[in-house]
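> There's a structure below that I have some questions on.
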Amino acid sequence: MSVAPNLVAGSESRATLPRKMRAGVYHGAGRVATEYVPVPEIAEDEVLIQVAACGICGTDLKKIQHGFIRPPQIFGHEVAGTIVAVGSAVHRWKEGDRVVSFHHVPCGACFYCDRRLFSQCPAYKKVGLTAGFEPNGGGFAEYVRAMPWIVERGMVEIPAGISFEEATFVEPVNTCLKAVEKARIEAGETVVVMGQGPIGLLLMLLARRAGARVLTTDPMAERRAVSERLGAAGAFDPLVLSVAEEVRKFTAGRGADAVLVAVPLPAALTEALAIARPGGRVLLFAQNDPHMKIEFPAADVGVEEKEILGSYSAALDRQEESANLIFSRTLPVSALITHRFSLEEFGAALSLAVRPNNSLKILVIP
């Protein structure tokens with residue numbers, strides 16, 4: 001399809017760009033389509049990013065599969081690309097800069113920010129990255145518009161020698177780094193990570209970096225193999241054995257000091273509490289479904305003093321550290337990428353992500 005040129009409002013250079021672009025558009029529970037939509041126009045304090053790669057996140061899948069959000073929408077928030085238009089009031093960035101962009105940024109000065117609860121900041125809940133419709137990330141498109149607060153505090157330059165694909169991990173690594181810190185993982189502890197999809201593997205790698213001995217669980221043999229190859233001390237199939245019993249063998253009968261749950265199932269909490277030792281910690285990472293209800297034995301908390309913690313999204317003050325973990329290649333994130341899909345194949349990409357088959361991180365490459 002041929003498209004006519006368009007001038008981007010507010011751009012200093014008035015760069016010529018197409019009027020239309022391809023995007024993976026959500027149309028309701030389980031329904032997506034690749035369509036042509038208008039290229040976003042930017043204001044004087046905004047930039048336009050041409051998307052080079054965008055990771056598919058479990059949160060995207062939940063929203064799409066369960067229809068939590070009113071359509072139409074363009075999702076995708078693990079975005080890396082090149083700035084192709086710059087508003088006249090923007091001085092920090094220029095056309096041609098390679099960047100990774102967050103889609104949420106806290107204000108940094110409110111009650112919650114003062115307590116490092118950045119994801120609870122009212123300003124944080126305002127999405128600042130969009131490819132059209134209601135702002136919702138927009139990385140599943142050819143271009144995204146970054147709003148002023150993202151331009152100021154929510155973009156990181158990608159250094160030479162680092163691929164766009166690697167850079168898409170900056171945001172998910174930030175979320176996992178925050179979770180490991182919130183679970184208070186310490187050197188010498190025994191930690192169990194339930195689920196070894198891309199997030200579970202990142203949690204495993206970061207817990208090992210904190211000095212813990214890490215055991216993992218996953219019903220998929222290939223994921224267990226990757227987990228052990230990347231450093232897990234053991235990887236168990238929860239469908240064929242008792243993980244709690246296996247962990248007690250490693251811990252003189254006590255149980256794990258901490259359990260990180262990267263499995264979005266209600267029953268996972270009960271299992272995690274059974275794995276944790278008395279006084280241990282359980283951190284829920286994947287339980288962000290607004291309709292999910294969870295039951296658990298009250299005595300696990302009220303008598304055995306086990307803690308249940310939650311961690312959601314990224315931390316502003318870990319932005320630089322998470323980027324450095326990628327840019328220094330301290331974390332082998334390239335090893336987690338198994339599939340790449342074009343926007344024309346967007347539906348197939350989501351289908352594989354929902355029902356993984358020897359797959360880990362799936363990227364959309366516009």
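Ligands are numbered from 1 in the order shown, chains are lettered A, B, ... in the order of the structure tokens, and residues start at 1 in each chain.
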Check range 108-316 of chain A with DSSP on the backbone and list each residue it calls strand (DSSP E or B), as a ChimeraX atom specification.
/A:129-130,141,143-146,155-157,190-194,213-217,234-236,256-261,276-284,307-310
> Deliver the residues from the most recent selection as a file, using N, CA and C atoms, as a compact mmCIF listing (two decimals), in the first residue's frame.

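Ended up saving to again-v7.txt:
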```txt
# COMPACT_ATOMS: atom_id res chain seq x y z
N LEU A 129 3.31 6.91 26.31
CA LEU A 129 3.81 6.40 25.03
C LEU A 129 2.61 5.87 24.26
N THR A 130 2.45 6.29 23.00
CA THR A 130 1.24 5.91 22.27
C THR A 130 1.48 5.83 20.77
N ALA A 141 3.56 -1.25 16.68
CA ALA A 141 3.30 -0.36 15.55
C ALA A 141 4.64 0.10 14.99
N TYR A 143 5.53 3.33 14.50
CA TYR A 143 5.98 4.56 15.15
C TYR A 143 5.22 4.75 16.46
N VAL A 144 5.90 5.32 17.46
CA VAL A 144 5.23 5.70 18.71
C VAL A 144 5.61 7.13 19.06
N ARG A 145 4.68 7.80 19.69
CA ARG A 145 4.88 9.18 20.15
C ARG A 145 5.19 9.17 21.65
N ALA A 146 6.29 9.80 22.01
CA ALA A 146 6.67 9.92 23.42
C ALA A 146 6.25 11.29 23.93
N MET A 155 13.38 7.97 28.86
CA MET A 155 14.07 7.39 27.71
C MET A 155 15.55 7.22 28.03
N VAL A 156 16.13 6.16 27.51
CA VAL A 156 17.54 5.85 27.73
C VAL A 156 18.21 5.65 26.38
N GLU A 157 19.36 6.27 26.18
CA GLU A 157 20.07 6.11 24.91
C GLU A 157 20.72 4.73 24.85
N THR A 190 18.54 -19.65 49.92
CA THR A 190 17.99 -20.55 48.91
C THR A 190 16.68 -19.96 48.41
N VAL A 191 16.61 -19.72 47.12
CA VAL A 191 15.45 -19.05 46.51
C VAL A 191 14.87 -19.97 45.45
N VAL A 192 13.55 -20.04 45.40
CA VAL A 192 12.85 -20.79 44.35
C VAL A 192 12.12 -19.80 43.46
N VAL A 193 12.30 -19.94 42.16
CA VAL A 193 11.54 -19.15 41.18
C VAL A 193 10.58 -20.09 40.48
N MET A 194 9.30 -19.84 40.65
CA MET A 194 8.27 -20.66 40.02
C MET A 194 7.94 -20.09 38.64
N ARG A 213 21.43 -19.15 46.07
CA ARG A 213 21.34 -20.41 45.34
C ARG A 213 19.90 -20.53 44.87
N VAL A 214 19.70 -20.71 43.58
CA VAL A 214 18.36 -20.61 43.01
C VAL A 214 17.92 -21.95 42.43
N LEU A 215 16.75 -22.40 42.84
CA LEU A 215 16.07 -23.56 42.28
C LEU A 215 14.85 -23.05 41.51
N THR A 216 14.47 -23.77 40.47
CA THR A 216 13.39 -23.28 39.62
C THR A 216 12.39 -24.39 39.32
N THR A 217 11.21 -23.98 38.87
CA THR A 217 10.18 -24.94 38.47
C THR A 217 9.59 -24.51 37.13
N GLY A 234 19.03 -26.27 40.30
CA GLY A 234 18.15 -27.40 40.01
C GLY A 234 16.87 -26.87 39.41
N ALA A 235 16.25 -27.67 38.56
CA ALA A 235 15.00 -27.25 37.92
C ALA A 235 14.04 -28.43 37.96
N PHE A 236 12.84 -28.22 38.49
CA PHE A 236 11.90 -29.30 38.75
C PHE A 236 10.62 -29.15 37.95
N ALA A 256 12.46 -23.05 51.39
CA ALA A 256 13.16 -21.91 50.76
C ALA A 256 13.05 -20.66 51.60
N ASP A 257 14.12 -19.86 51.58
CA ASP A 257 14.08 -18.57 52.25
C ASP A 257 13.12 -17.62 51.54
N ALA A 258 13.04 -17.73 50.23
CA ALA A 258 12.14 -16.87 49.46
C ALA A 258 11.67 -17.62 48.22
N VAL A 259 10.44 -17.35 47.83
CA VAL A 259 9.86 -17.93 46.61
C VAL A 259 9.35 -16.78 45.76
N LEU A 260 9.80 -16.72 44.51
CA LEU A 260 9.36 -15.70 43.56
C LEU A 260 8.41 -16.36 42.57
N VAL A 261 7.19 -15.85 42.49
CA VAL A 261 6.15 -16.51 41.71
C VAL A 261 5.96 -15.80 40.38
N ALA A 276 8.03 -22.36 50.94
CA ALA A 276 8.76 -21.42 51.80
C ALA A 276 8.90 -21.96 53.22
N ARG A 277 10.01 -21.67 53.85
CA ARG A 277 10.25 -22.05 55.25
C ARG A 277 9.42 -21.14 56.17
N PRO A 278 9.23 -21.54 57.44
CA PRO A 278 8.64 -20.61 58.40
C PRO A 278 9.45 -19.32 58.47
N GLY A 279 8.74 -18.20 58.41
CA GLY A 279 9.42 -16.91 58.39
C GLY A 279 9.95 -16.52 57.03
N GLY A 280 9.71 -17.34 56.01
CA GLY A 280 10.18 -17.04 54.66
C GLY A 280 9.29 -16.04 53.94
N ARG A 281 9.69 -15.66 52.74
CA ARG A 281 8.96 -14.66 51.96
C ARG A 281 8.47 -15.25 50.63
N VAL A 282 7.27 -14.87 50.26
CA VAL A 282 6.71 -15.22 48.96
C VAL A 282 6.39 -13.93 48.24
N LEU A 283 6.96 -13.76 47.05
CA LEU A 283 6.69 -12.55 46.27
C LEU A 283 5.88 -12.91 45.03
N LEU A 284 4.74 -12.26 44.88
CA LEU A 284 3.88 -12.46 43.72
C LEU A 284 4.25 -11.46 42.64
N GLU A 307 5.72 -14.27 54.91
CA GLU A 307 5.30 -12.99 54.35
C GLU A 307 4.85 -13.17 52.90
N ILE A 308 3.78 -12.48 52.55
CA ILE A 308 3.33 -12.42 51.16
C ILE A 308 3.55 -10.99 50.66
N LEU A 309 4.35 -10.86 49.63
CA LEU A 309 4.72 -9.55 49.08
C LEU A 309 4.24 -9.45 47.64
N GLY A 310 4.15 -8.24 47.15
CA GLY A 310 3.81 -8.01 45.74
C GLY A 310 4.79 -7.05 45.12
```
> List every residue of range 128-168 of chain A that has an atom at most 9 Å from any atom of range 82-96 of chain A, giving for each one its closest atom pair and the distance in Å to one decimal, counting only C-alpha atoms, sorted by chain and then by ascending residue number, as JSON lines.

```
{"residue": "A:Pro148", "atom": "CA", "partner": "A:Val90", "partner_atom": "CA", "distance": 8.8}
{"residue": "A:Val151", "atom": "CA", "partner": "A:Val90", "partner_atom": "CA", "distance": 8.1}
{"residue": "A:Glu152", "atom": "CA", "partner": "A:Arg92", "partner_atom": "CA", "distance": 8.0}
```
> Give me, as a CSV table (one decimal) with all heavy atoms, in the first residue's frame, all polymer residues having an atom no more than 8 Å from range 171-181 of chain A, counting only C-alpha atoms and skipping those fewer than 6 positions away in the same chain.

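Saved the output as result-v4.csv:
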```
chain,number,residue,atom,x,y,z
A,78,GLU,N,7.6,-2.7,25.7
A,78,GLU,CA,9.1,-3.0,25.7
A,78,GLU,C,9.7,-2.5,24.4
A,78,GLU,O,10.0,-3.3,23.5
A,78,GLU,CB,9.3,-4.5,26.0
A,78,GLU,CG,8.7,-5.0,27.3
A,78,GLU,CD,8.7,-6.5,27.4
A,78,GLU,OE1,9.3,-7.2,26.6
A,78,GLU,OE2,8.3,-6.9,28.5
A,102,PHE,N,10.6,3.9,28.3
A,102,PHE,CA,9.5,3.4,29.2
A,102,PHE,C,8.2,4.1,28.8
A,102,PHE,O,8.2,5.0,28.1
A,102,PHE,CB,9.9,3.8,30.7
A,102,PHE,CG,11.1,3.0,31.2
A,102,PHE,CD1,12.4,3.3,30.8
A,102,PHE,CD2,10.9,2.0,32.2
A,102,PHE,CE1,13.5,2.6,31.3
A,102,PHE,CE2,11.9,1.3,32.7
A,102,PHE,CZ,13.2,1.6,32.3
A,199,ILE,N,10.4,-13.9,32.1
A,199,ILE,CA,10.4,-13.2,33.4
A,199,ILE,C,11.0,-14.1,34.4
A,199,ILE,O,11.9,-13.6,35.2
A,199,ILE,CB,9.0,-12.7,33.8
A,199,ILE,CG1,8.6,-11.5,32.9
A,199,ILE,CG2,9.0,-12.2,35.2
A,199,ILE,CD1,9.5,-10.2,33.0
A,202,LEU,N,14.7,-14.2,34.1
A,202,LEU,CA,15.4,-13.0,34.6
A,202,LEU,C,15.4,-12.9,36.1
A,202,LEU,O,16.4,-12.5,36.7
A,202,LEU,CB,14.6,-11.7,34.0
A,202,LEU,CG,14.8,-11.5,32.5
A,202,LEU,CD1,13.9,-10.3,32.1
A,202,LEU,CD2,16.2,-11.2,32.1
A,203,LEU,N,14.3,-13.3,36.7
A,203,LEU,CA,14.3,-13.3,38.2
A,203,LEU,C,15.4,-14.3,38.7
A,203,LEU,O,16.1,-14.0,39.7
A,203,LEU,CB,12.9,-13.8,38.7
A,203,LEU,CG,11.8,-12.7,38.5
A,203,LEU,CD1,10.4,-13.4,38.8
A,203,LEU,CD2,12.0,-11.5,39.4
A,206,LEU,N,18.8,-12.7,38.3
A,206,LEU,CA,19.1,-11.6,39.2
A,206,LEU,C,19.2,-12.1,40.7
A,206,LEU,O,19.9,-11.5,41.5
A,206,LEU,CB,18.0,-10.5,39.1
A,206,LEU,CG,18.0,-9.8,37.8
A,206,LEU,CD1,16.7,-9.0,37.6
A,206,LEU,CD2,19.2,-8.8,37.7
A,207,ALA,N,18.4,-13.1,41.0
A,207,ALA,CA,18.6,-13.7,42.4
A,207,ALA,C,20.0,-14.3,42.5
A,207,ALA,O,20.6,-14.2,43.6
A,207,ALA,CB,17.5,-14.7,42.6
A,283,LEU,N,7.0,-13.8,47.1
A,283,LEU,CA,6.7,-12.6,46.3
A,283,LEU,C,5.9,-12.9,45.0
A,283,LEU,O,6.3,-13.8,44.2
A,283,LEU,CB,8.0,-11.9,45.9
A,283,LEU,CG,7.7,-10.6,45.1
A,283,LEU,CD1,8.6,-9.4,45.6
A,283,LEU,CD2,8.0,-10.7,43.6
A,285,PHE,N,4.7,-12.0,41.5
A,285,PHE,CA,5.1,-11.1,40.4
A,285,PHE,C,4.0,-11.1,39.3
A,285,PHE,O,3.8,-10.1,38.6
A,285,PHE,CB,6.4,-11.5,39.8
A,285,PHE,CG,7.0,-10.6,38.8
A,285,PHE,CD1,7.9,-9.6,39.2
A,285,PHE,CD2,6.6,-10.6,37.5
A,285,PHE,CE1,8.4,-8.7,38.3
A,285,PHE,CE2,7.1,-9.7,36.6
A,285,PHE,CZ,8.0,-8.8,37.0
A,310,GLY,N,4.1,-8.2,47.1
A,310,GLY,CA,3.8,-8.0,45.7
A,310,GLY,C,4.8,-7.0,45.1
A,310,GLY,O,5.4,-6.2,45.8
A,311,SER,N,5.0,-7.2,43.8
A,311,SER,CA,5.8,-6.2,43.1
A,311,SER,C,5.2,-6.0,41.7
A,311,SER,O,4.9,-7.0,41.0
A,311,SER,CB,7.3,-6.8,43.0
A,311,SER,OG,8.1,-5.8,42.4
A,312,TYR,N,5.1,-4.7,41.4
A,312,TYR,CA,4.5,-4.4,40.1
A,312,TYR,C,5.3,-3.3,39.4
A,312,TYR,O,5.7,-2.3,40.0
A,312,TYR,CB,3.0,-3.8,40.4
A,312,TYR,CG,2.4,-3.3,39.2
A,312,TYR,CD1,2.0,-4.1,38.1
A,312,TYR,CD2,2.1,-1.9,39.0
A,312,TYR,CE1,1.4,-3.6,37.0
A,312,TYR,CE2,1.5,-1.4,37.9
A,312,TYR,CZ,1.1,-2.2,36.9
A,312,TYR,OH,0.6,-1.7,35.8
A,313,SER,N,5.6,-3.6,38.2
A,313,SER,CA,6.2,-2.6,37.2
A,313,SER,C,7.6,-2.2,37.7
A,313,SER,O,8.2,-2.9,38.4
A,313,SER,CB,5.2,-1.4,37.1
A,313,SER,OG,5.5,-0.7,35.9
A,314,ALA,N,8.0,-1.1,37.1
A,314,ALA,CA,9.4,-0.7,37.2
A,314,ALA,C,9.7,0.4,38.3
A,314,ALA,O,8.7,0.9,38.8
A,314,ALA,CB,9.9,-0.1,35.9
A,315,ALA,N,11.0,0.6,38.6
A,315,ALA,CA,11.4,1.6,39.6
A,315,ALA,C,12.2,2.6,39.0
A,315,ALA,O,13.3,2.3,38.3
A,315,ALA,CB,12.1,0.9,40.8
A,318,ARG,N,16.0,2.7,39.6
A,318,ARG,CA,16.7,1.5,39.1
A,318,ARG,C,16.8,1.5,37.6
A,318,ARG,O,17.3,0.6,37.0
A,318,ARG,CB,16.1,0.2,39.6
A,318,ARG,CG,16.2,0.0,41.1
A,318,ARG,CD,17.6,-0.2,41.5
A,318,ARG,NE,17.8,-0.3,42.9
A,318,ARG,CZ,18.1,0.7,43.7
A,318,ARG,NH1,18.2,1.9,43.2
A,318,ARG,NH2,18.2,0.5,45.0
A,319,GLN,N,16.4,2.7,37.0
A,319,GLN,CA,16.4,2.8,35.5
A,319,GLN,C,17.9,2.6,35.0
A,319,GLN,O,18.1,1.9,34.0
A,319,GLN,CB,15.8,4.1,35.1
A,319,GLN,CG,15.5,4.3,33.7
A,319,GLN,CD,14.6,5.5,33.4
A,319,GLN,OE1,13.4,5.4,33.7
A,319,GLN,NE2,15.1,6.6,32.9
A,321,GLU,N,20.6,1.4,36.5
A,321,GLU,CA,21.2,0.1,36.8
A,321,GLU,C,20.6,-1.0,35.9
A,321,GLU,O,21.4,-1.8,35.4
A,321,GLU,CB,20.9,-0.3,38.3
A,321,GLU,CG,21.5,-1.6,38.7
A,321,GLU,CD,21.3,-1.9,40.1
A,321,GLU,OE1,20.6,-1.1,40.8
A,321,GLU,OE2,21.7,-3.0,40.6
A,322,SER,N,19.3,-1.0,35.6
A,322,SER,CA,18.8,-2.0,34.7
A,322,SER,C,19.3,-1.8,33.3
A,322,SER,O,19.6,-2.8,32.6
A,322,SER,CB,17.2,-1.9,34.7
A,322,SER,OG,16.8,-0.7,34.3
A,323,ALA,N,19.5,-0.6,32.9
A,323,ALA,CA,20.1,-0.4,31.5
A,323,ALA,C,21.5,-0.9,31.5
A,323,ALA,O,21.9,-1.6,30.5
A,323,ALA,CB,20.0,1.1,31.2
```
> May I ask which of the residues A:Gly195, A:Gly138, A:Gly253, A:Pro106 is the closest one to Lys125 in chain A, counting only C-alpha atoms?
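Smallest separation from Lys125 in chain A among the options: A:Pro106.
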> Of the candidates A:Gly200, A:Gly55, A:Leu363, A:Asp289, which one gets nearest to Arg340 in chain A if we count only C-alpha atoms?
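That would be A:Leu363, the residue with the smallest distance to Arg340 in chain A.
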